[in-house]
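Let me begin by presenting the structure, written as structure tokens, before commenting on it.
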Amino acid sequence: MKQEIKKLLANYSTEYVIELLYINEMMALLEVSQPFDSKNVAGHFTASAWILSHDKSKVLLTKHAKLGKWFQLGGHIEPTDRTFLDACVREATEESGIVGLSKADAFIIDVDMHPIPENCLMPEHPHYDISMCFVAPKDAEIVCSPESLQLSWVPVSEVSGITDDAAILRMVSKTNLLFKSAA
């Protein structure tokens with residue numbers, strides 16, 4: 001998985017300086033032991049999915065049960081995940097109920113590093129998050145998981161009305177650039 005992520009990051013191009021800094025930090029993290037272990041308080045990778053509707057006009061967002069804010073779907077990489085893309089699809093499917101997300105057309109849409117607040121299990125620690133973009137099948141049905149307070153298809157043009165998260169707003173901007181006719 002380390003080699004897969006190194007290759008994904010090396011091939012990822014961005015105009016956002018902050019993302020370039022995050023990529024450098026992520027490459028360094030890949031050189032330490034246990035960069036995927038969710039108990040690693042020095043930080044660990046997380047796998048996220050920016051899921052667009054079939055017509056690319058909406059994005060599926062979750063109102064996170066613990067944090068109470070809107071985010072893309074995603075979470076920790078599990079020891080059973082064979083690849084990073086497998087982790088992204090597993091997280092997306094677990095949290096949305098959507099079956100049939102294609103890994104073939106997936107691509108990195110954002111990289112982010114953010115602190116996770118202290119909780120009863122762990123002190124504050126950083127998540128090194130790579131968000132892959134997926135397009136949902138035309139007949140995709142969603143089911144809200146216990147990890148979410150709410151799950152919603154949000155028009156890309158309206159996302160800034162429900163969140164000011166910098167990574168989410170970068171993904172909105174990139175979506176608009178990539179899929180101008182749909183947004």
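Note on naming: chains are A, B, ... as they come in the structure tokens, residues start from 1 per chain, ligands start from 1 in the order shown.
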Got a sec: who's within 9 Å of Leu85 (chain A), counting only C-alpha atoms, leaving out chain neighbours fewer than 2 positions off, as an mmCIF file with N, CA and C atoms, in the first residue's frame?
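Output below, filename result-v9.cif:
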data_model
loop_
_atom_site.group_PDB
_atom_site.id
_atom_site.type_symbol
_atom_site.label_atom_id
_atom_site.label_comp_id
_atom_site.auth_asym_id
_atom_site.auth_seq_id
_atom_site.Cartn_x
_atom_site.Cartn_y
_atom_site.Cartn_z
ATOM 1 N N ALA A 47 -8.681 7.263 4.268
ATOM 2 C CA ALA A 47 -9.153 7.062 2.898
ATOM 3 C C ALA A 47 -10.527 7.701 2.737
ATOM 4 N N ASP A 81 -7.794 -4.184 4.173
ATOM 5 C CA ASP A 81 -7.806 -3.492 2.884
ATOM 6 C C ASP A 81 -6.558 -3.868 2.101
ATOM 7 N N ARG A 82 -6.740 -4.445 0.916
ATOM 8 C CA ARG A 82 -5.588 -4.863 0.106
ATOM 9 C C ARG A 82 -4.884 -3.674 -0.525
ATOM 10 N N THR A 83 -5.674 -2.651 -0.923
ATOM 11 C CA THR A 83 -5.105 -1.476 -1.565
ATOM 12 C C THR A 83 -5.750 -0.232 -0.969
ATOM 13 N N ALA A 87 -9.702 0.572 0.251
ATOM 14 C CA ALA A 87 -10.103 1.239 1.494
ATOM 15 C C ALA A 87 -11.107 2.357 1.204
ATOM 16 N N CYS A 88 -10.843 3.141 0.166
ATOM 17 C CA CYS A 88 -11.757 4.233 -0.201
ATOM 18 C C CYS A 88 -13.141 3.705 -0.564
ATOM 19 N N VAL A 89 -13.175 2.654 -1.377
ATOM 20 C CA VAL A 89 -14.459 2.080 -1.801
ATOM 21 C C VAL A 89 -15.173 1.448 -0.613
ATOM 22 N N ARG A 90 -14.431 0.740 0.239
ATOM 23 C CA ARG A 90 -15.054 0.129 1.423
ATOM 24 C C ARG A 90 -15.684 1.184 2.309
ATOM 25 N N LYS A 103 -13.543 1.706 -9.383
ATOM 26 C CA LYS A 103 -12.179 2.137 -9.086
ATOM 27 C C LYS A 103 -11.448 2.546 -10.363
ATOM 28 N N ALA A 106 -11.450 6.317 -10.863
ATOM 29 C CA ALA A 106 -11.190 7.127 -9.664
ATOM 30 C C ALA A 106 -9.866 7.866 -9.800
ATOM 31 N N MET A 132 -10.365 10.451 -2.945
ATOM 32 C CA MET A 132 -10.497 9.979 -4.321
ATOM 33 C C MET A 132 -11.880 10.365 -4.834
#
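The list of residues with at least one atom within 7 Å of region 62-66 of chain A, based on only C-alpha atoms and without residues fewer than 6 positions apart in the same chain, reads Gln72, Leu73, Glu147, Ser148, Leu149, Gln150, Leu151 and Ser152 of chain A.
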* Pick the closest to Ala140 (chain A) from A:Glu19, A:Glu31, A:Asp55, A:Asp37: which is it, counting only C-alpha atoms? ->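 That would be A:Asp55, the residue with the smallest distance to Ala140 (chain A).
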* Separation of CA of Lys174 (chain A) from CA of Lys138 (chain A), in Å and rounded to one decimal -> 21.8 Å
* Could you pull out the helix (DSSP H, G or I) residues of region 10-183 of chain A from DSSP and send them as a VMD selection string? -> chain A and resid 10 to 11 17 to 29 84 to 96 156 to 161 166 to 178
* Using only C-alpha atoms: which of A:Trp50, A:Trp153, A:Trp70, A:Phe84 has the shortest distance to Phe134 (chain A) ->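 Going through A:Trp50, A:Trp153, A:Trp70, A:Phe84 one by one, the smallest distance to Phe134 (chain A) is for A:Trp50.
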* To do: Excluding region 108-113 of chain A and residues on its chain fewer than 2 positions from it, collect all residues at most 8 Å away from it, counting only C-alpha atoms, and give them as a VMD selection string.
  => chain A and resid 8 12 19 22 to 23 50 106 115 126 to 133 167 170 to 171 174
Selection above as a file: C-alpha atoms, as a short mmCIF file (atom, residue, chain, number, x, y, z; two decimals), in the first residue's frame:
data_model
loop_
_atom_site.label_atom_id
_atom_site.label_comp_id
_atom_site.auth_asym_id
_atom_site.auth_seq_id
_atom_site.Cartn_x
_atom_site.Cartn_y
_atom_site.Cartn_z
CA LEU A 8 -0.68 8.24 -6.46
CA TYR A 12 -1.02 14.07 -8.43
CA GLU A 19 -1.61 20.59 -0.88
CA TYR A 22 0.67 18.11 2.61
CA ILE A 23 2.12 15.86 -0.12
CA TRP A 50 -15.74 12.46 -2.97
CA ALA A 106 -11.19 7.13 -9.66
CA PRO A 115 -6.19 17.47 13.48
CA PRO A 126 -3.41 14.32 12.68
CA HIS A 127 -5.19 12.58 9.84
CA TYR A 128 -3.40 12.54 6.51
CA ASP A 129 -6.36 12.31 4.18
CA ILE A 130 -6.38 11.44 0.50
CA SER A 131 -9.75 11.96 -1.20
CA MET A 132 -10.50 9.98 -4.32
CA CYS A 133 -13.21 11.14 -6.72
CA ALA A 167 -10.63 20.82 1.80
CA ARG A 170 -11.14 23.00 -2.72
CA MET A 171 -12.96 19.90 -3.95
CA LYS A 174 -11.94 21.41 -8.60
#
* **Expected answer as a ChimeraX atom specification: strand (DSSP E) residues in region 31-114 of chain A** => /A:44-52,58-64,70-71,73-76,107-114
